[in-house]
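Dumped model39.cif below, it's mmCIF, C-alpha atoms:
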data_model
loop_
_atom_site.label_atom_id
_atom_site.label_comp_id
_atom_site.auth_asym_id
_atom_site.auth_seq_id
_atom_site.Cartn_x
_atom_site.Cartn_y
_atom_site.Cartn_z
CA MET S 1 146.17 33.65 52.95
CA GLN S 2 147.88 30.33 53.65
CA PRO S 3 151.37 31.47 52.53
CA PHE S 4 151.15 34.36 54.99
CA ILE S 5 150.08 32.05 57.80
CA ASP S 6 152.92 29.65 57.01
CA HIS S 7 155.47 32.47 57.04
CA ALA S 8 154.10 33.84 60.33
CA ARG S 9 154.49 30.39 61.92
CA MET S 10 158.15 30.25 60.87
CA PHE S 11 158.87 33.89 61.65
CA GLY S 12 158.92 33.55 65.44
CA ARG S 13 161.09 30.46 65.57
CA ARG S 14 164.28 32.48 66.15
CA PRO S 15 163.40 34.53 69.25
CA GLU S 16 167.03 35.48 69.85
CA GLU S 17 166.85 37.67 66.74
CA PHE S 18 164.01 39.69 68.27
CA ALA S 19 164.95 39.89 71.95
CA ALA S 20 166.56 43.34 71.63
CA HIS S 21 163.27 44.79 70.35
CA ALA S 22 161.80 44.40 73.85
CA GLU S 23 164.11 47.18 75.07
CA GLY S 24 162.30 49.83 73.03
CA GLN S 25 162.46 51.58 69.70
CA THR S 26 164.67 54.35 68.40
CA PRO S 27 163.46 55.10 64.87
CA GLN S 28 165.42 57.67 62.91
CA VAL S 29 162.60 58.63 60.55
CA LEU S 30 158.85 59.12 60.54
CA PHE S 31 157.80 57.78 57.13
CA ILE S 32 154.37 59.01 56.01
CA THR S 33 153.08 57.22 52.97
CA CYS S 34 150.04 55.72 51.32
CA ALA S 35 148.35 52.55 52.52
CA ASP S 36 148.78 51.14 48.99
CA SER S 37 150.07 47.56 49.17
CA ARG S 38 152.69 48.23 46.49
CA VAL S 39 154.45 50.78 48.73
CA VAL S 40 156.62 49.00 51.31
CA PRO S 41 158.72 51.55 53.24
CA ALA S 42 161.21 49.06 54.69
CA LEU S 43 161.75 47.54 51.24
CA ILE S 44 162.22 50.95 49.61
CA THR S 45 164.64 52.22 52.28
CA GLY S 46 166.30 48.98 53.40
CA ALA S 47 165.26 49.76 56.98
CA HIS S 48 165.33 47.12 59.69
CA PRO S 49 162.80 46.75 62.53
CA GLY S 50 162.96 49.78 64.80
CA GLU S 51 164.44 52.19 62.22
CA LEU S 52 161.25 53.62 60.66
CA PHE S 53 158.13 54.85 62.43
CA GLU S 54 155.40 54.54 59.82
CA LEU S 55 152.17 56.43 59.24
CA ARG S 56 150.14 55.00 56.39
CA THR S 57 146.95 56.65 55.22
CA ALA S 58 144.87 56.49 52.05
CA GLY S 59 146.64 58.93 49.74
CA ASN S 60 149.38 59.70 52.31
CA ILE S 61 147.16 62.48 53.59
CA VAL S 62 148.24 64.54 56.59
CA PRO S 63 144.95 65.90 57.96
CA PRO S 64 144.77 69.46 59.29
CA HIS S 65 145.91 69.77 62.88
CA ALA S 66 142.98 70.38 65.22
CA PHE S 67 143.42 70.62 69.01
CA GLU S 68 139.71 70.10 69.63
CA ARG S 69 139.49 66.89 67.57
CA PRO S 70 142.77 64.97 67.62
CA THR S 71 143.18 62.24 65.03
CA GLY S 72 145.18 59.04 65.00
CA GLU S 73 147.42 60.64 62.38
CA ALA S 74 148.08 63.66 64.60
CA ALA S 75 148.83 61.39 67.56
CA THR S 76 151.28 59.37 65.47
CA ILE S 77 153.08 62.50 64.24
CA GLU S 78 153.24 63.99 67.73
CA TYR S 79 154.52 60.75 69.28
CA ALA S 80 157.22 60.35 66.62
CA VAL S 81 158.41 63.95 66.95
CA GLU S 82 158.02 64.58 70.69
CA VAL S 83 158.51 61.18 72.32
CA LEU S 84 160.68 59.25 69.88
CA GLY S 85 162.61 62.31 68.74
CA VAL S 86 162.86 61.41 65.07
CA LYS S 87 165.27 63.65 63.19
CA ASP S 88 163.63 63.36 59.79
CA VAL S 89 160.12 63.09 58.38
CA VAL S 90 159.52 61.78 54.86
CA VAL S 91 156.21 62.26 53.08
CA CYS S 92 156.28 59.74 50.24
CA GLY S 93 153.69 59.66 47.47
CA HIS S 94 153.68 57.11 44.68
CA SER S 95 152.83 56.66 41.04
CA HIS S 96 149.51 55.12 40.07
CA CYS S 97 147.94 56.36 43.33
CA GLY S 98 144.22 55.64 43.28
CA ALA S 99 143.40 58.30 45.86
CA VAL S 100 145.24 61.13 44.14
CA GLY S 101 144.10 59.88 40.74
CA ALA S 102 140.48 60.10 41.89
CA LEU S 103 141.05 63.68 43.02
CA VAL S 104 142.83 64.74 39.84
CA ARG S 105 140.13 63.17 37.66
CA GLY S 106 137.26 64.41 39.85
CA ASP S 107 135.87 60.87 40.22
CA ASP S 108 132.44 60.39 41.77
CA LEU S 109 133.15 58.72 45.12
CA ASP S 110 129.60 58.70 46.49
CA ALA S 111 129.65 54.87 46.58
CA VAL S 112 132.54 55.04 49.08
CA PRO S 113 131.55 57.91 51.39
CA ALA S 114 134.30 57.33 53.97
CA VAL S 115 136.92 57.49 51.22
CA ARG S 116 135.25 60.57 49.68
CA ASP S 117 135.16 62.37 53.03
CA TRP S 118 138.75 61.39 53.90
CA LEU S 119 140.00 62.73 50.57
CA HIS S 120 138.47 66.12 51.39
CA HIS S 121 141.49 66.50 53.71
CA ALA S 122 143.68 66.62 50.60
CA THR S 123 142.57 70.16 49.77
CA PRO S 124 143.50 71.96 47.73
CA CYS S 125 142.84 69.40 45.04
CA PRO S 126 146.15 68.38 43.45
CA LYS S 127 146.68 69.60 39.93
CA GLY S 128 147.78 67.13 37.30
CA GLU S 129 147.02 65.56 33.95
CA PRO S 130 143.83 63.46 34.31
CA GLN S 131 144.81 61.12 31.45
CA ASP S 132 148.23 60.26 32.95
CA PRO S 133 147.93 56.80 34.57
CA THR S 134 150.94 57.51 36.81
CA VAL S 135 149.36 60.79 38.03
CA SER S 136 152.96 61.87 38.69
CA GLU S 137 152.35 65.62 38.57
CA GLY S 138 149.28 65.35 40.78
CA VAL S 139 151.02 63.12 43.32
CA GLN S 140 154.10 65.34 43.49
CA ASN S 141 151.95 68.44 44.03
CA HIS S 142 149.96 66.54 46.64
CA VAL S 143 153.10 65.46 48.54
CA LEU S 144 154.26 69.08 48.74
CA THR S 145 150.84 70.14 50.05
CA GLN S 146 151.00 67.45 52.75
CA LEU S 147 154.50 68.57 53.70
CA LEU S 148 153.26 72.13 54.02
CA ARG S 149 150.37 70.96 56.19
CA LEU S 150 152.80 68.99 58.36
CA ARG S 151 154.63 72.25 59.10
CA SER S 152 151.47 73.55 60.79
CA TYR S 153 151.63 70.89 63.52
CA PRO S 154 152.95 72.66 66.65
CA CYS S 155 155.45 69.91 67.53
CA VAL S 156 156.82 69.90 63.98
CA ALA S 157 157.01 73.69 63.79
CA ALA S 158 158.90 73.85 67.10
CA ARG S 159 161.45 71.22 66.09
CA LEU S 160 161.90 72.79 62.65
CA GLY S 161 162.46 76.16 64.32
CA SER S 162 165.17 74.74 66.56
CA GLY S 163 166.85 72.95 63.65
CA GLU S 164 166.21 69.52 65.16
CA LEU S 165 163.97 68.21 62.38
CA ASN S 166 164.22 67.89 58.61
CA LEU S 167 161.32 67.36 56.20
CA HIS S 168 161.59 65.46 52.92
CA ALA S 169 159.19 65.03 49.99
CA TRP S 170 159.60 61.79 48.03
CA TYR S 171 157.89 60.29 45.01
CA TYR S 172 158.11 56.52 44.48
CA GLU S 173 157.50 54.94 41.07
CA VAL S 174 155.80 51.60 41.67
CA HIS S 175 156.50 50.52 38.09
CA THR S 176 160.29 51.11 38.21
CA GLY S 177 161.30 51.21 41.89
CA THR S 178 162.80 54.67 41.38
CA VAL S 179 162.60 57.19 44.23
CA LEU S 180 162.65 60.89 43.46
CA ALA S 181 163.19 63.60 46.08
CA HIS S 182 162.01 67.19 45.93
CA ARG S 183 164.82 69.70 45.56
CA PRO S 184 163.62 73.06 46.93
CA GLN S 185 166.36 74.97 45.10
CA THR S 186 164.93 73.99 41.73
CA ASP S 187 161.40 73.03 42.85
CA THR S 188 161.76 69.72 41.01
CA PHE S 189 161.70 66.04 41.92
CA GLU S 190 164.99 64.36 41.05
CA ALA S 191 166.45 60.89 41.54
CA LEU S 192 167.99 60.30 44.94
#
Entire entry expressed as structure tokens:
Amino acid sequence: MQPFIDHARMFGRRPEEFAAHAEGQTPQVLFITCADSRVVPALITGAHPGELFELRTAGNIVPPHAFERPTGEAATIEYAVEVLGVKDVVVCGHSHCGAVGALVRGDDLDAVPAVRDWLHHATPCPKGEPQDPTVSEGVQNHVLTQLLRLRSYPCVAARLGSGELNLHAWYYEVHTGTVLAHRPQTDTFEAL
């Protein structure tokens, strides 16, 4: 912990570099990804403060939209699309994902009931090769399912319909740093 504390102490010693952030934010992209510590959106994209609006959930899950029971995820998506006016949304899964791996393998998650219940939002269960440690096929299928679910959010559907929003499915390899993007024309993930 001490290295993080030391860095945080030094971080704020150049307030002139941060003064402009007080004027507000104008992110270009809503970046939905896993909470996994190996996935760092700003590092992957080269984004600077204020350029990405991030939503991080276990397994990069986009829960079903429900008017009667709004979630923090739904509020984040709605705020990014309606208030901040992002032009693009990226759903980015990653290799070696523990959440998707547990789903693909059918792991018993009774010891972690909150995780088990959260992962129920991933339905349908992603298909993939249970013995593959990267769970690449499962993660890629899962990302496409989350992108499809995102389309059901009223604010997203409206902006897609007016041509003001673009959706992207990405797959990040934590072991190589490679980013693949889904190409709808071929229904494959290919290097950016």
All residues 7 Å or closer to segment 152-161 of chain S, only C-alpha atoms, same chain fewer than 4 positions away omitted, as a PyMOL selection string = chain S and resi 65+78+81-82+165-166
Selection file, C-alpha atoms, as a PDB file, in the frame of the given file:
ATOM      1  CA  HIS S  65     145.910  69.770  62.880  1.00  0.00           C
ATOM      2  CA  GLU S  78     153.240  63.990  67.730  1.00  0.00           C
ATOM      3  CA  VAL S  81     158.410  63.950  66.950  1.00  0.00           C
ATOM      4  CA  GLU S  82     158.020  64.580  70.690  1.00  0.00           C
ATOM      5  CA  LEU S 165     163.970  68.210  62.380  1.00  0.00           C
ATOM      6  CA  ASN S 166     164.220  67.890  58.610  1.00  0.00           C
TER       7      ASN S 166
END
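Distances here use all atoms listed in the file; by that measure, the residue among S:Ala22, S:Ile77, S:Val62, S:Cys34 closest to Arg149 of chain S is S:Val62.
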Write out as number ranges by chain each polymer residue whose atoms come within 8 Å of Asp88 of chain S, counting all atoms listed in the file; drop sequence neighbours fewer than 6 positions from it.
-> S: 28-30, 165-168
Need to verify the contact set: segment 54-60 of chain S, 8 Å, all atoms listed in the file, exclusion of same-chain residues closer than 4 positions in sequence. Can you return it as an mmCIF file with C-alpha atoms, in the frame of the given file?
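Now in selection38.cif:
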data_model
loop_
_atom_site.group_PDB
_atom_site.id
_atom_site.type_symbol
_atom_site.label_atom_id
_atom_site.label_comp_id
_atom_site.auth_asym_id
_atom_site.auth_seq_id
_atom_site.Cartn_x
_atom_site.Cartn_y
_atom_site.Cartn_z
ATOM 1 C CA LEU S 30 158.850 59.120 60.540
ATOM 2 C CA PHE S 31 157.800 57.780 57.130
ATOM 3 C CA ILE S 32 154.370 59.010 56.010
ATOM 4 C CA THR S 33 153.080 57.220 52.970
ATOM 5 C CA CYS S 34 150.040 55.720 51.320
ATOM 6 C CA ALA S 35 148.350 52.550 52.520
ATOM 7 C CA ASP S 36 148.780 51.140 48.990
ATOM 8 C CA PRO S 41 158.720 51.550 53.240
ATOM 9 C CA GLU S 73 147.420 60.640 62.380
ATOM 10 C CA THR S 76 151.280 59.370 65.470
ATOM 11 C CA ILE S 77 153.080 62.500 64.240
ATOM 12 C CA VAL S 91 156.210 62.260 53.080
ATOM 13 C CA CYS S 92 156.280 59.740 50.240
ATOM 14 C CA GLY S 93 153.690 59.660 47.470
ATOM 15 C CA CYS S 97 147.940 56.360 43.330
ATOM 16 C CA GLY S 98 144.220 55.640 43.280
ATOM 17 C CA ALA S 99 143.400 58.300 45.860
ATOM 18 C CA VAL S 100 145.240 61.130 44.140
ATOM 19 C CA LEU S 119 140.000 62.730 50.570
ATOM 20 C CA VAL S 143 153.100 65.460 48.540
ATOM 21 C CA GLN S 146 151.000 67.450 52.750
#
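Our summary of the geometry notes that atom CA of Ala102 of chain S is positioned 22.1 Å from atom CA of Thr176 of chain S.
Each of S:Ala75, S:Leu180, S:Leu52, S:Ala111 was checked against Lys87 of chain S using all atoms listed in the file; the smallest atom-to-atom distance is that of S:Leu52.
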Rounded to one decimal in Å, what is the spacing between atom CA of His94 of chain S and atom CA of Tyr171 of chain S?
-> 5.3 Å
